[in-house]
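**Q** To be precise about what I am sending: the file is called work_21.cif and holds mmCIF, C-alpha atoms.
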```
data_entry
#
loop_
_atom_site.label_atom_id
_atom_site.label_comp_id
_atom_site.auth_asym_id
_atom_site.auth_seq_id
_atom_site.Cartn_x
_atom_site.Cartn_y
_atom_site.Cartn_z
CA MET A 1 -8.50 28.16 -17.21
CA SER A 2 -5.52 27.48 -19.46
CA ASP A 3 -4.53 23.90 -20.15
CA LEU A 4 -1.43 23.24 -18.03
CA ARG A 5 -1.21 19.48 -18.44
CA PRO A 6 2.10 18.01 -19.69
CA ARG A 7 1.82 17.68 -23.45
CA THR A 8 3.74 14.39 -23.53
CA ASN A 9 1.36 12.57 -21.18
CA ARG A 10 -2.14 13.11 -22.57
CA SER A 11 -4.18 14.10 -25.56
CA ARG A 12 -7.60 15.69 -25.91
CA THR A 13 -10.73 14.40 -27.56
CA GLY A 14 -12.81 16.57 -29.83
CA ASN A 15 -15.24 17.52 -27.07
CA GLY A 16 -12.51 18.90 -24.81
CA ASP A 17 -12.31 15.99 -22.38
CA ALA A 18 -8.93 14.43 -21.74
CA SER A 19 -8.46 11.01 -23.28
CA THR A 20 -6.41 8.28 -21.71
CA ILE A 21 -2.87 9.38 -20.95
CA ALA A 22 -0.28 7.65 -23.10
CA ARG A 23 1.26 4.60 -21.50
CA HIS A 24 4.90 3.52 -21.58
CA GLY A 25 5.70 0.85 -24.14
CA GLN A 26 7.37 -1.48 -21.66
CA LEU A 27 5.11 -0.80 -18.70
CA LYS A 28 4.17 -4.41 -18.17
CA ARG A 29 7.82 -5.30 -17.59
CA ARG A 30 8.54 -2.67 -14.97
CA ASN A 31 5.68 -2.33 -12.53
CA PRO A 32 6.79 -1.34 -9.03
CA PHE A 33 4.64 -3.50 -6.85
CA THR A 34 7.75 -3.87 -4.75
CA ALA A 35 6.58 -0.71 -3.09
CA LEU A 36 3.67 -2.50 -1.47
CA ALA A 37 5.85 -4.01 1.18
CA LYS A 38 7.55 -0.75 1.96
CA ILE A 39 4.46 0.90 3.29
CA LEU A 40 3.92 -1.73 5.90
CA ALA A 41 7.62 -1.79 6.55
CA ALA A 42 7.62 1.93 7.21
CA ALA A 43 4.55 1.75 9.38
CA LEU A 44 4.93 -1.68 10.94
CA GLY A 45 8.72 -1.79 11.15
CA VAL A 46 8.95 1.06 13.64
CA VAL A 47 5.33 0.46 14.52
CA LEU A 48 5.61 -2.93 16.14
CA VAL A 49 8.53 -2.10 18.38
CA SER A 50 7.73 -3.17 21.90
CA GLY A 51 8.96 -0.10 23.79
CA VAL A 52 7.93 3.54 23.40
CA SER A 53 11.46 4.90 23.77
CA VAL A 54 12.87 2.41 21.26
CA ALA A 55 10.15 3.36 18.78
CA ALA A 56 10.92 7.04 19.23
CA ILE A 57 14.67 6.51 18.83
CA ALA A 58 14.16 4.38 15.72
CA ALA A 59 11.76 6.88 14.18
CA TRP A 60 14.08 9.78 14.99
CA ASP A 61 17.11 8.14 13.43
CA VAL A 62 15.25 6.68 10.45
CA THR A 63 13.85 10.07 9.54
CA SER A 64 17.19 11.78 9.95
CA SER A 65 18.72 9.22 7.59
CA VAL A 66 16.52 10.60 4.82
CA HIS A 67 16.70 14.33 5.56
CA LYS A 68 19.19 16.30 7.61
CA SER A 69 17.97 17.13 11.08
CA VAL A 70 19.27 18.71 14.26
CA THR A 71 19.56 16.52 17.35
CA LEU A 72 18.90 18.39 20.57
CA VAL A 73 20.99 17.53 23.65
CA ASP A 74 20.72 18.16 27.37
CA ALA A 75 23.28 19.92 29.58
CA LYS A 76 25.39 16.76 29.71
CA GLY A 77 25.46 16.40 25.95
CA LYS A 78 23.01 13.48 25.85
CA ALA A 79 20.61 13.38 22.93
CA ILE A 80 17.05 14.30 23.89
CA VAL A 81 14.64 11.66 22.63
CA PRO A 82 11.02 12.80 22.44
CA GLN A 83 8.66 10.87 24.70
CA VAL A 84 5.47 10.40 22.77
CA GLY A 85 2.18 8.58 23.09
CA ALA A 86 -0.12 6.99 20.56
CA ILE A 87 -1.64 9.28 17.94
CA ASP A 88 -5.18 10.31 18.86
CA GLY A 89 -8.12 8.75 17.06
CA ALA A 90 -8.36 7.19 13.64
CA PHE A 91 -5.91 8.08 10.89
CA ASN A 92 -5.37 7.44 7.19
CA VAL A 93 -2.06 7.13 5.35
CA LEU A 94 -1.69 6.87 1.57
CA LEU A 95 1.37 5.38 -0.09
CA ALA A 96 2.05 5.59 -3.78
CA GLY A 97 4.63 3.29 -5.37
CA SER A 98 6.49 5.03 -8.18
CA ASP A 99 7.70 3.11 -11.23
CA SER A 100 10.29 5.75 -12.14
CA GLY A 101 13.17 3.64 -10.81
CA ASP A 102 14.56 6.85 -9.30
CA GLY A 103 17.59 6.75 -11.56
CA ASN A 104 18.47 3.11 -10.86
CA ALA A 105 19.77 1.70 -14.14
CA ALA A 106 18.67 -1.80 -13.16
CA TYR A 107 15.06 -0.84 -13.93
CA GLY A 108 15.76 0.77 -17.27
CA THR A 109 15.18 4.31 -18.46
CA ARG A 110 11.73 5.49 -17.52
CA GLY A 111 9.96 8.26 -19.38
CA GLU A 112 7.19 8.49 -16.82
CA ASN A 113 6.44 8.34 -13.12
CA LEU A 114 3.28 6.28 -12.65
CA ASN A 115 1.86 5.23 -9.29
CA ASP A 116 1.41 1.58 -10.20
CA VAL A 117 0.94 0.92 -6.49
CA THR A 118 -1.62 2.95 -4.59
CA MET A 119 -2.49 1.81 -1.07
CA LEU A 120 -4.52 3.40 1.69
CA LEU A 121 -4.04 2.41 5.34
CA HIS A 122 -6.95 3.15 7.68
CA VAL A 123 -6.40 2.64 11.42
CA SER A 124 -9.51 2.74 13.59
CA ALA A 125 -10.04 5.26 16.37
CA ASP A 126 -9.63 2.61 19.06
CA HIS A 127 -6.43 1.35 17.40
CA LYS A 128 -7.76 -2.22 17.29
CA ASN A 129 -8.30 -2.57 13.53
CA ALA A 130 -6.33 -1.71 10.41
CA THR A 131 -7.54 -1.94 6.81
CA VAL A 132 -5.17 -1.71 3.84
CA ILE A 133 -6.89 -1.02 0.50
CA SER A 134 -5.07 -1.71 -2.77
CA PHE A 135 -6.34 0.32 -5.74
CA PRO A 136 -5.80 -1.45 -9.09
CA ARG A 137 -3.44 0.54 -11.25
CA ASP A 138 -5.74 0.24 -14.31
CA MET A 139 -8.91 1.39 -12.54
CA PHE A 140 -10.66 4.30 -14.24
CA VAL A 141 -11.54 7.11 -11.83
CA ALA A 142 -12.33 10.81 -11.85
CA ILE A 143 -9.28 12.97 -11.20
CA PRO A 144 -10.07 16.36 -9.64
CA SER A 145 -8.27 19.58 -10.44
CA CYS A 146 -4.75 19.19 -9.03
CA PRO A 147 -2.07 21.74 -8.17
CA ASP A 148 0.81 22.01 -10.59
CA PRO A 149 4.11 21.79 -8.66
CA LYS A 150 5.40 24.55 -10.94
CA GLY A 151 2.47 26.83 -10.20
CA GLY A 152 -1.17 27.04 -11.17
CA SER A 153 -3.35 23.97 -11.47
CA PHE A 154 -4.25 21.17 -13.84
CA ASP A 155 -7.73 20.62 -15.21
CA ALA A 156 -10.01 17.96 -13.74
CA MET A 157 -10.51 14.79 -15.74
CA SER A 158 -13.56 12.55 -15.57
CA TYR A 159 -12.17 9.20 -16.73
CA GLN A 160 -8.51 8.29 -16.27
CA LYS A 161 -6.55 5.37 -14.88
CA ILE A 162 -5.60 6.04 -11.29
CA ASN A 163 -1.92 5.34 -11.88
CA ASN A 164 -1.61 8.49 -13.99
CA THR A 165 -2.12 10.77 -11.01
CA LEU A 166 1.51 10.80 -9.86
CA THR A 167 2.70 11.90 -13.31
CA TYR A 168 -0.17 14.32 -13.67
CA GLY A 169 0.15 16.32 -10.44
CA GLY A 170 2.50 14.53 -8.06
CA LEU A 171 1.65 12.98 -4.70
CA ALA A 172 -0.84 15.75 -3.89
CA CYS A 173 -2.87 14.76 -6.93
CA THR A 174 -2.88 11.08 -5.95
CA VAL A 175 -4.13 12.02 -2.48
CA LEU A 176 -6.88 14.30 -3.85
CA THR A 177 -8.01 11.57 -6.24
CA VAL A 178 -8.23 8.90 -3.55
CA GLU A 179 -9.99 11.31 -1.20
CA LYS A 180 -12.60 11.98 -3.90
CA LEU A 181 -13.00 8.27 -4.57
CA THR A 182 -13.23 7.09 -0.95
CA GLY A 183 -14.76 10.00 0.93
CA LEU A 184 -11.96 9.80 3.51
CA ARG A 185 -9.63 12.63 4.43
CA ILE A 186 -5.99 11.63 4.03
CA PRO A 187 -3.59 13.87 5.97
CA TYR A 188 -0.51 11.64 5.63
CA ALA A 189 1.14 10.35 2.45
CA GLY A 190 4.38 9.13 0.95
CA VAL A 191 5.96 7.98 -2.32
CA ILE A 192 8.11 4.87 -2.33
CA GLN A 193 10.63 3.48 -4.79
CA PHE A 194 11.85 0.08 -5.92
CA ASP A 195 14.96 -0.63 -3.89
CA GLY A 196 13.62 -0.65 -0.35
CA VAL A 197 12.02 -4.08 -0.65
CA ILE A 198 15.41 -5.71 -1.14
CA GLU A 199 16.88 -4.05 1.94
CA MET A 200 13.70 -4.67 3.91
CA SER A 201 13.49 -8.37 3.12
CA ASN A 202 17.15 -8.73 4.03
CA ALA A 203 16.60 -6.87 7.31
CA VAL A 204 14.12 -9.48 8.57
CA GLY A 205 16.18 -12.40 7.27
CA GLY A 206 13.76 -13.17 4.44
CA VAL A 207 9.98 -13.48 4.16
CA PRO A 208 8.53 -17.02 4.01
CA VAL A 209 5.90 -17.48 1.30
CA CYS A 210 3.91 -20.48 0.14
CA VAL A 211 3.72 -21.21 -3.59
CA ALA A 212 1.05 -23.61 -4.90
CA GLY A 213 3.13 -24.52 -7.95
CA ASP A 214 6.37 -23.61 -9.72
CA ILE A 215 6.44 -19.98 -10.89
CA THR A 216 8.78 -18.73 -13.58
CA ASP A 217 8.44 -15.19 -14.90
CA PRO A 218 11.06 -14.03 -17.44
CA TYR A 219 9.76 -10.46 -17.22
CA THR A 220 10.80 -10.04 -13.60
CA GLY A 221 13.33 -12.84 -13.25
CA LEU A 222 11.25 -14.74 -10.70
CA ASN A 223 11.95 -18.46 -10.35
CA VAL A 224 10.43 -20.21 -7.33
CA LYS A 225 9.41 -23.80 -6.72
CA ALA A 226 6.20 -25.18 -5.27
CA GLY A 227 6.12 -25.25 -1.48
CA GLN A 228 7.62 -22.90 1.09
CA ASN A 229 10.16 -20.34 -0.08
CA THR A 230 12.01 -17.76 2.00
CA LEU A 231 12.36 -14.73 -0.24
CA GLN A 232 14.76 -11.86 0.13
CA GLY A 233 16.82 -9.60 -2.07
CA ALA A 234 16.18 -9.76 -5.81
CA GLN A 235 13.75 -12.68 -5.57
CA ALA A 236 11.55 -10.81 -3.09
CA LEU A 237 11.54 -7.89 -5.50
CA ALA A 238 10.67 -10.14 -8.44
CA PHE A 239 7.91 -11.84 -6.46
CA LEU A 240 6.17 -8.54 -5.72
CA ARG A 241 6.55 -7.33 -9.30
CA THR A 242 5.35 -10.48 -11.06
CA ARG A 243 2.11 -10.32 -12.98
CA HIS A 244 2.65 -12.78 -15.81
CA GLY A 245 3.64 -15.57 -13.40
CA VAL A 246 0.52 -15.63 -11.20
CA GLY A 247 -3.24 -16.01 -11.42
CA ASP A 248 -4.65 -14.94 -14.77
CA GLY A 249 -1.67 -12.73 -15.62
CA SER A 250 -3.54 -9.57 -14.68
CA ASP A 251 -2.83 -6.73 -12.28
CA LEU A 252 -5.65 -8.04 -10.08
CA GLY A 253 -3.88 -11.37 -9.75
CA ARG A 254 -0.72 -9.55 -8.81
CA ILE A 255 -2.50 -7.70 -5.99
CA SER A 256 -3.71 -10.93 -4.36
CA ASN A 257 -0.26 -12.47 -4.88
CA GLN A 258 1.28 -9.48 -3.10
CA GLN A 259 -1.09 -9.98 -0.21
CA VAL A 260 0.42 -13.45 0.24
CA PHE A 261 3.76 -11.70 0.79
CA LEU A 262 2.38 -8.84 2.86
CA SER A 263 0.45 -11.05 5.27
CA SER A 264 3.57 -13.14 5.81
CA LEU A 265 5.65 -9.99 6.22
CA VAL A 266 3.36 -8.74 8.98
CA ARG A 267 3.50 -12.13 10.72
CA THR A 268 7.28 -12.06 10.43
CA ILE A 269 7.49 -8.54 11.84
CA LYS A 270 5.22 -9.45 14.74
CA SER A 271 7.08 -12.66 15.51
CA ALA A 272 9.10 -12.94 18.70
CA ASP A 273 12.25 -13.39 16.64
CA THR A 274 11.85 -9.92 15.11
CA LEU A 275 10.37 -8.01 18.02
CA ALA A 276 13.00 -9.32 20.41
CA ASN A 277 15.72 -8.03 18.10
CA PRO A 278 15.80 -4.19 18.11
CA VAL A 279 18.52 -4.23 15.46
CA LYS A 280 16.19 -6.08 13.07
CA VAL A 281 13.29 -3.73 13.72
CA TYR A 282 15.50 -0.68 13.31
CA ALA A 283 17.07 -2.01 10.09
CA LEU A 284 13.63 -2.80 8.68
CA ALA A 285 12.29 0.68 9.31
CA LYS A 286 15.42 2.35 8.02
CA ALA A 287 15.38 0.30 4.81
CA ALA A 288 11.86 1.46 4.12
CA ALA A 289 12.25 5.10 5.09
CA SER A 290 15.44 5.49 3.10
CA ASN A 291 13.42 4.83 -0.04
CA MET A 292 10.47 7.09 0.73
CA SER A 293 9.55 10.71 0.11
CA LEU A 294 7.08 11.77 2.82
CA SER A 295 4.49 14.50 3.03
CA GLU A 296 5.37 17.33 5.41
CA SER A 297 2.77 16.00 7.82
CA LEU A 298 4.45 12.59 7.95
CA ASN A 299 8.07 13.70 7.72
CA ASN A 300 8.30 14.02 11.47
CA PRO A 301 9.80 11.47 13.87
CA THR A 302 7.24 12.19 16.59
CA THR A 303 4.35 11.54 14.19
CA ILE A 304 5.88 8.28 12.99
CA ALA A 305 6.53 7.14 16.53
CA SER A 306 2.96 8.04 17.55
CA MET A 307 1.59 5.93 14.70
CA ALA A 308 3.92 3.13 15.70
CA ILE A 309 2.65 3.08 19.24
CA ALA A 310 -0.98 3.22 18.07
CA MET A 311 -0.57 0.22 15.78
CA LYS A 312 1.72 -2.09 17.69
CA GLY A 313 -1.05 -4.00 19.48
CA ILE A 314 -3.36 -4.73 16.53
CA ASP A 315 -4.21 -8.43 16.26
CA LEU A 316 -3.15 -10.21 13.05
CA ASN A 317 -6.74 -11.15 12.27
CA LYS A 318 -7.73 -7.50 12.45
CA VAL A 319 -5.21 -6.35 9.86
CA VAL A 320 -7.28 -6.67 6.68
CA PHE A 321 -5.93 -6.41 3.13
CA VAL A 322 -8.60 -5.75 0.52
CA GLN A 323 -8.80 -4.92 -3.19
CA TYR A 324 -10.90 -1.87 -3.95
CA PRO A 325 -14.07 -3.39 -5.47
CA ASN A 326 -13.88 -3.40 -9.26
CA HIS A 327 -14.95 -5.12 -12.46
CA TYR A 328 -13.50 -5.39 -15.94
CA VAL A 329 -14.23 -2.81 -18.63
CA ALA A 330 -12.50 -2.09 -21.93
CA ASP A 331 -8.76 -1.53 -21.38
CA GLY A 332 -8.97 -1.72 -17.61
CA VAL A 333 -11.31 -1.96 -14.65
CA ALA A 334 -13.92 0.32 -13.10
CA PRO A 335 -15.18 0.65 -9.52
CA THR A 336 -18.05 -1.63 -8.55
CA GLU A 337 -20.21 0.99 -6.93
CA ASP A 338 -22.43 -1.02 -4.56
CA ALA A 339 -19.54 -3.02 -3.10
CA ALA A 340 -17.33 0.06 -2.93
CA THR A 341 -20.05 1.92 -1.05
CA ALA A 342 -20.29 -0.91 1.49
CA LEU A 343 -16.51 -0.85 2.05
CA MET A 344 -16.10 2.89 2.24
CA THR A 345 -19.21 3.52 4.36
CA ALA A 346 -17.84 1.05 6.90
CA LEU A 347 -14.49 2.85 7.06
CA GLN A 348 -16.12 6.29 7.13
CA ASN A 349 -18.10 5.05 10.14
CA ASP A 350 -14.93 3.50 11.58
CA GLN A 351 -16.33 -0.03 11.53
CA PRO A 352 -14.08 -3.06 11.03
CA VAL A 353 -14.64 -5.05 7.84
CA VAL A 354 -14.73 -8.80 7.19
CA VAL A 355 -13.80 -10.27 3.81
CA THR A 356 -16.39 -12.92 2.93
CA GLY A 357 -15.14 -13.52 -0.62
CA ASP A 358 -12.04 -15.39 -1.71
CA THR A 359 -8.48 -14.09 -1.66
CA GLY A 360 -8.38 -13.28 -5.37
CA VAL A 361 -7.18 -14.88 -8.60
CA GLY A 362 -3.50 -14.76 -7.64
CA SER A 363 -3.68 -16.78 -4.42
CA VAL A 364 -5.32 -19.74 -2.70
CA THR A 365 -5.71 -20.87 0.90
CA ASP A 366 -2.64 -22.66 2.25
CA PRO A 367 -3.75 -26.30 2.82
CA ASN A 368 -1.16 -26.63 5.60
CA ALA A 369 -2.21 -23.47 7.44
CA PRO A 370 -2.99 -23.55 11.16
CA ALA A 371 -6.68 -24.29 11.65
CA ALA A 372 -7.44 -20.95 13.34
CA SER A 373 -6.17 -19.00 10.33
CA GLN A 374 -8.76 -20.54 8.01
CA THR A 375 -11.64 -18.59 9.56
CA PRO A 376 -10.67 -14.89 9.42
CA SER A 377 -13.98 -13.66 10.84
CA SER A 378 -13.86 -15.88 13.91
CA THR A 379 -12.17 -13.19 16.00
CA THR A 380 -14.26 -10.27 14.82
CA ALA A 381 -17.43 -8.81 16.25
CA PRO A 382 -20.83 -9.98 14.96
CA SER A 383 -21.43 -8.50 11.53
CA THR A 384 -24.10 -6.10 10.48
CA ALA A 385 -25.12 -4.24 7.37
CA PRO A 386 -23.24 -0.96 6.87
CA SER A 387 -24.94 2.21 7.93
CA SER A 388 -24.98 5.23 5.68
CA GLY A 389 -23.73 8.76 5.80
CA GLY A 390 -20.29 8.34 7.38
CA SER A 391 -17.98 11.34 7.45
CA SER A 392 -14.30 11.79 7.98
CA GLY A 393 -13.11 13.06 11.32
CA SER A 394 -10.70 15.82 12.27
CA SER A 395 -7.65 13.57 12.37
CA GLY A 396 -8.35 12.13 8.96
CA GLY A 397 -10.16 9.10 10.30
CA SER A 398 -13.88 9.01 10.91
CA SER A 399 -16.57 10.08 13.29
CA GLY A 400 -16.90 6.58 14.75
CA SER A 401 -15.20 5.22 17.84
CA GLY A 402 -13.71 2.19 16.16
CA SER A 403 -15.78 -0.13 18.31
CA GLY A 404 -18.77 -0.61 15.98
CA SER A 405 -20.01 -3.97 14.74
CA ALA A 406 -18.00 -5.54 11.95
CA VAL A 407 -19.36 -5.23 8.41
CA ASP A 408 -19.39 -8.26 6.12
CA LEU A 409 -18.20 -7.11 2.70
CA PRO A 410 -19.96 -8.45 -0.42
CA SER A 411 -18.63 -11.79 -1.65
CA ASP A 412 -17.18 -10.24 -4.83
CA VAL A 413 -14.70 -8.20 -2.76
CA HIS A 414 -11.36 -10.00 -2.51
CA GLY A 415 -8.72 -9.93 0.22
CA GLN A 416 -7.44 -11.55 3.38
CA THR A 417 -6.20 -10.83 6.89
CA ALA A 418 -2.62 -10.90 8.06
CA GLY A 419 -3.59 -13.93 10.12
CA GLN A 420 -4.58 -15.97 7.07
CA TYR A 421 -2.02 -18.29 5.50
CA THR A 422 -2.25 -18.26 1.72
CA CYS A 423 -0.22 -19.53 -1.25
CA SER A 424 0.61 -17.83 -4.52
CA LYS A 425 -1.28 -19.37 -7.44
CA PRO A 426 0.78 -19.92 -10.61
CA PHE A 427 -0.42 -18.47 -13.91
CA SER A 428 -3.16 -20.68 -15.33
CA GLY A 429 -3.47 -19.21 -18.81
#
```
Spit out the file's structure as C-alpha cells when you get a sec.

**A**
Amino acid sequence: MSDLRPRTNRSRTGNGDASTIARHGQLKRRNPFTALAKILAAALGVVLVSGVSVAAIAAWDVTSSVHKSVTLVDAKGKAIVPQVGAIDGAFNVLLAGSDSGDGNAAYGTRGENLNDVTMLLHVSADHKNATVISFPRDMFVAIPSCPDPKGGSFDAMSYQKINNTLTYGGLACTVLTVEKLTGLRIPYAGVIQFDGVIEMSNAVGGVPVCVAGDITDPYTGLNVKAGQNTLQGAQALAFLRTRHGVGDGSDLGRISNQQVFLSSLVRTIKSADTLANPVKVYALAKAAASNMSLSESLNNPTTIASMAIAMKGIDLNKVVFVQYPNHYVADGVAPTEDAATALMTALQNDQPVVVTGDTGVGSVTDPNAPAASQTPSSTTAPSTAPSSGGSSGSSGGSSGSGSGSAVDLPSDVHGQTAGQYTCSKPFSG
C-alpha cells in the first residue's frame, strides 16, 4: 500500500514504522479542553429537559441551526414535531475536541487539528448509569488503518499519541482508534470547537466551581480566587483550558480539574432553576450544537431527542467521570493494562463502575460539600470483580442489561461522580 499520510505531520523511522507526529510549537498554550463541557451540554442540555415534546422541539431546532433542514407541516400549516421515545438499549457517543480554533483569530493561527480532548460517553442499557471516559491527549496508542477523506487509506501505526488521530484521518480515525482501544462499538460521534463553552456557560447563568487556592495562569488568562467562583464567558473557557495553573501542571491534572467543572455543570443543568426554564435548556443545547460537527448517525433531531429522553432520569451519583487508566512513560503516558481491562470489561458487560481512587492531581474533595456527596459508592449496587469476555451490542452498547453489580475500579484509576463536590487544586510545582 502506498504511503498516503500527510508529509507535514509525521516522519518515518529506518524500519518503516511511523515515528511520533510533529507537534505544534505553541501547543501547550492552546489546548481546547473547553470542548469537554460541550459534549455534556449537547447531550445533557437537550437531554435533561423534562418533557418529551420540549426535548424533540429543542433537538429539532438546535440541529436545524447547524445545517439547513426542511420543516414538515400539517394541513393547517402547523409544524409537525416528531414524537419519539427513549433510544433502545445501551449506546456510546464519542466527542473529539479540536484545537484548530476553526478560524477564530482569538486562538491564533493553527497549523494542525489535534483532538486534545477525546471523551467517550457510555449509557447503560437500562438508562440508569452513564460513564464518561477522558483519554489523555498524550497517551500512546495503536492507530489502525484509517480512511483518507480524499480517497484511499492511511497506514496503521503502532505507537502514536491519541491526539494525532483527528489530523491523521479525521473523526472516523479517532472513532476507529478508540474502538480498538476500548473494545466498544461507537456508532455516534462529533467534533467540537472552542467557542461553545462561552455561550454554554452564559446560557446557564454561570457554572459555580470551588477553588482550593488562588489560581493564576498567564497562558490561558485564568485568574480566580480561593473559594466559590461562578464562571462564565472567557473565564469558564480559561478554566477548562488551564494546565499550568492546576495540580502538577500536567494534562492529567487538567483532566481532573475539568471534572470539577463538569460535575458542577451537570448539577447546574439538573437543578430546578435550569429544568424549570425551557429557554435556558434550549439556549444551552443550541450553544453546544452550534459549535459541533456531528456524524451522520448523530446529525438527526430524532436521534438526539431519543438520547435526551434516555438520559434525563440518571441519578447524579450514577454519572461517573473517569480518566482512562494510564502511567507515565517518556514524552507522555501509556495505558495501564490491568486497570484498563477492569474498566472496559465492566462497560462491555454493561456494569456500572465505582471509582475507589482519588479524584486526580488537579482536584481535591470540597471540605464544605454536603455529607452525602462524600461517599460516591453509597448509592450504587454491591460491588463485584469484573467478569471477562464482554462484547459490544447491536446498538453500540453491550450485551448486558445494565442491571449488573457495580464494579469497583482499581485505586489507581482517578475520577468522580457528578454528585461529588470537588475543588480545583492550584499548581503545586

**Q** If I take atom CA of Thr268 of chain A and atom CA of Gly206 of chain A, how far is one from the other in Å, to one decimal?

**A** 8.9 Å

**Q** Could you name the residues that touch segment 135-139 of chain A at 6 Å or less, counting all atoms listed in the file, but leaving out those on the same chain fewer than 5 positions away, as a list of chain:residue names?

**A**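 These residues fall inside the cut-off: A:Asp116, A:Thr118, A:Lys161, A:Ile162, A:Asn163, A:Tyr324, A:Gly332, A:Val333, A:Ala334.
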
**Q** I'd like to know which of A:Ser98, A:Ser201, A:Ser124, A:Ser250 is closest to Val353 of chain A, using all atoms listed in the file.

**A** A:Ser124

**Q** Under the PyMOL selection byres ((chain A and resi 186-189) around 9), which residues of this model are included? Write them out as a PyMOL selection string.

**A** chain A and resi 91-96+120+171-172+175-176+178-179+184-185+190-191+293-298+395-397

**Q** Write out, as an mmCIF file, keeping the file's coordinate frame, the residues just selected, with C-alpha atoms.

**A**
```cif
data_model
loop_
_atom_site.group_PDB
_atom_site.id
_atom_site.type_symbol
_atom_site.label_atom_id
_atom_site.label_comp_id
_atom_site.auth_asym_id
_atom_site.auth_seq_id
_atom_site.Cartn_x
_atom_site.Cartn_y
_atom_site.Cartn_z
ATOM 1 C CA PHE A 91 -5.910 8.080 10.890
ATOM 2 C CA ASN A 92 -5.370 7.440 7.190
ATOM 3 C CA VAL A 93 -2.060 7.130 5.350
ATOM 4 C CA LEU A 94 -1.690 6.870 1.570
ATOM 5 C CA LEU A 95 1.370 5.380 -0.090
ATOM 6 C CA ALA A 96 2.050 5.590 -3.780
ATOM 7 C CA LEU A 120 -4.520 3.400 1.690
ATOM 8 C CA LEU A 171 1.650 12.980 -4.700
ATOM 9 C CA ALA A 172 -0.840 15.750 -3.890
ATOM 10 C CA VAL A 175 -4.130 12.020 -2.480
ATOM 11 C CA LEU A 176 -6.880 14.300 -3.850
ATOM 12 C CA VAL A 178 -8.230 8.900 -3.550
ATOM 13 C CA GLU A 179 -9.990 11.310 -1.200
ATOM 14 C CA LEU A 184 -11.960 9.800 3.510
ATOM 15 C CA ARG A 185 -9.630 12.630 4.430
ATOM 16 C CA GLY A 190 4.380 9.130 0.950
ATOM 17 C CA VAL A 191 5.960 7.980 -2.320
ATOM 18 C CA SER A 293 9.550 10.710 0.110
ATOM 19 C CA LEU A 294 7.080 11.770 2.820
ATOM 20 C CA SER A 295 4.490 14.500 3.030
ATOM 21 C CA GLU A 296 5.370 17.330 5.410
ATOM 22 C CA SER A 297 2.770 16.000 7.820
ATOM 23 C CA LEU A 298 4.450 12.590 7.950
ATOM 24 C CA SER A 395 -7.650 13.570 12.370
ATOM 25 C CA GLY A 396 -8.350 12.130 8.960
ATOM 26 C CA GLY A 397 -10.160 9.100 10.300
#
```

**Q** Set the distance at 7 Å and use all atoms listed in the file: which residues neighbour Asn129 of chain A once local chain neighbours fewer than 4 positions away are removed? I'd like the list as a VMD selection string.

**A** chain A and resid 123 to 124 314 318 to 319 352

**Q** Looking at A:Gly233, A:Gly419, A:Pro426, A:Gly245, which one is nearest to Asp315 of chain A, with distances taken over only C-alpha atoms?

**A**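 So, comparing all the options, the nearest one is A:Gly419.
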
**Q** Go through A:Ala308, A:Ile143, A:Ile255, A:Met292 one by one, measure the shortest atom-to-atom distance of each to Met119 of chain A using all atoms listed in the file, and give the residue with the smallest value.

**A**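 Result for the nearest residue to Met119 of chain A: A:Ile255.
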
**Q** Pick from A:Val246, A:Met307, A:Met157, A:Ala371: nearest to Pro144 of chain A, with all atoms listed in the file counted?

**A**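 Comparing A:Val246, A:Met307, A:Met157, A:Ala371 against Pro144 of chain A, the winner is A:Met157.
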
**Q** Would you work out the distance separating atom CA of Asp217 of chain A from atom CA of Asn257 of chain A, expressed in Å to one decimal?

**A**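 Between atom CA of Asp217 of chain A and atom CA of Asn257 of chain A the gap works out to 13.5 Å.
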
**Q** Counting only C-alpha atoms, find residues at most 9 Å from (2.7, -11.2, 4.9) (file frame) and give them as a ChimeraX atom specification.

**A** /A:37,207-209,258-269,418-421

**Q** For each of A:Leu409, A:Cys210, A:Val279, A:Ala238, take the minimum atom-to-atom distance to Pro325 of chain A, counting all atoms listed in the file, then give the residue where this is smallest.

**A**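 Nearest to Pro325 of chain A: A:Leu409.
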
**Q** List the residues selected by the PyMOL selection byres ((chain A and resi 211) around 10) in the file shown, writing them as a PDB file with C-alpha atoms, in the coordinates of the input.

**A**
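So the final result, stored in expr_7.pdb, reads:
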```
ATOM      1  CA  PRO A 208       8.530 -17.020   4.010  1.00  0.00           C
ATOM      2  CA  VAL A 209       5.900 -17.480   1.300  1.00  0.00           C
ATOM      3  CA  CYS A 210       3.910 -20.480   0.140  1.00  0.00           C
ATOM      4  CA  ALA A 212       1.050 -23.610  -4.900  1.00  0.00           C
ATOM      5  CA  GLY A 213       3.130 -24.520  -7.950  1.00  0.00           C
ATOM      6  CA  ASP A 214       6.370 -23.610  -9.720  1.00  0.00           C
ATOM      7  CA  ILE A 215       6.440 -19.980 -10.890  1.00  0.00           C
ATOM      8  CA  VAL A 224      10.430 -20.210  -7.330  1.00  0.00           C
ATOM      9  CA  LYS A 225       9.410 -23.800  -6.720  1.00  0.00           C
ATOM     10  CA  ALA A 226       6.200 -25.180  -5.270  1.00  0.00           C
ATOM     11  CA  GLY A 227       6.120 -25.250  -1.480  1.00  0.00           C
ATOM     12  CA  GLN A 228       7.620 -22.900   1.090  1.00  0.00           C
ATOM     13  CA  ASN A 229      10.160 -20.340  -0.080  1.00  0.00           C
ATOM     14  CA  VAL A 246       0.520 -15.630 -11.200  1.00  0.00           C
ATOM     15  CA  ASN A 257      -0.260 -12.470  -4.880  1.00  0.00           C
ATOM     16  CA  VAL A 260       0.420 -13.450   0.240  1.00  0.00           C
ATOM     17  CA  SER A 363      -3.680 -16.780  -4.420  1.00  0.00           C
ATOM     18  CA  VAL A 364      -5.320 -19.740  -2.700  1.00  0.00           C
ATOM     19  CA  ASP A 366      -2.640 -22.660   2.250  1.00  0.00           C
ATOM     20  CA  THR A 422      -2.250 -18.260   1.720  1.00  0.00           C
ATOM     21  CA  CYS A 423      -0.220 -19.530  -1.250  1.00  0.00           C
ATOM     22  CA  SER A 424       0.610 -17.830  -4.520  1.00  0.00           C
ATOM     23  CA  LYS A 425      -1.280 -19.370  -7.440  1.00  0.00           C
ATOM     24  CA  PRO A 426       0.780 -19.920 -10.610  1.00  0.00           C
TER      25      PRO A 426
END
```
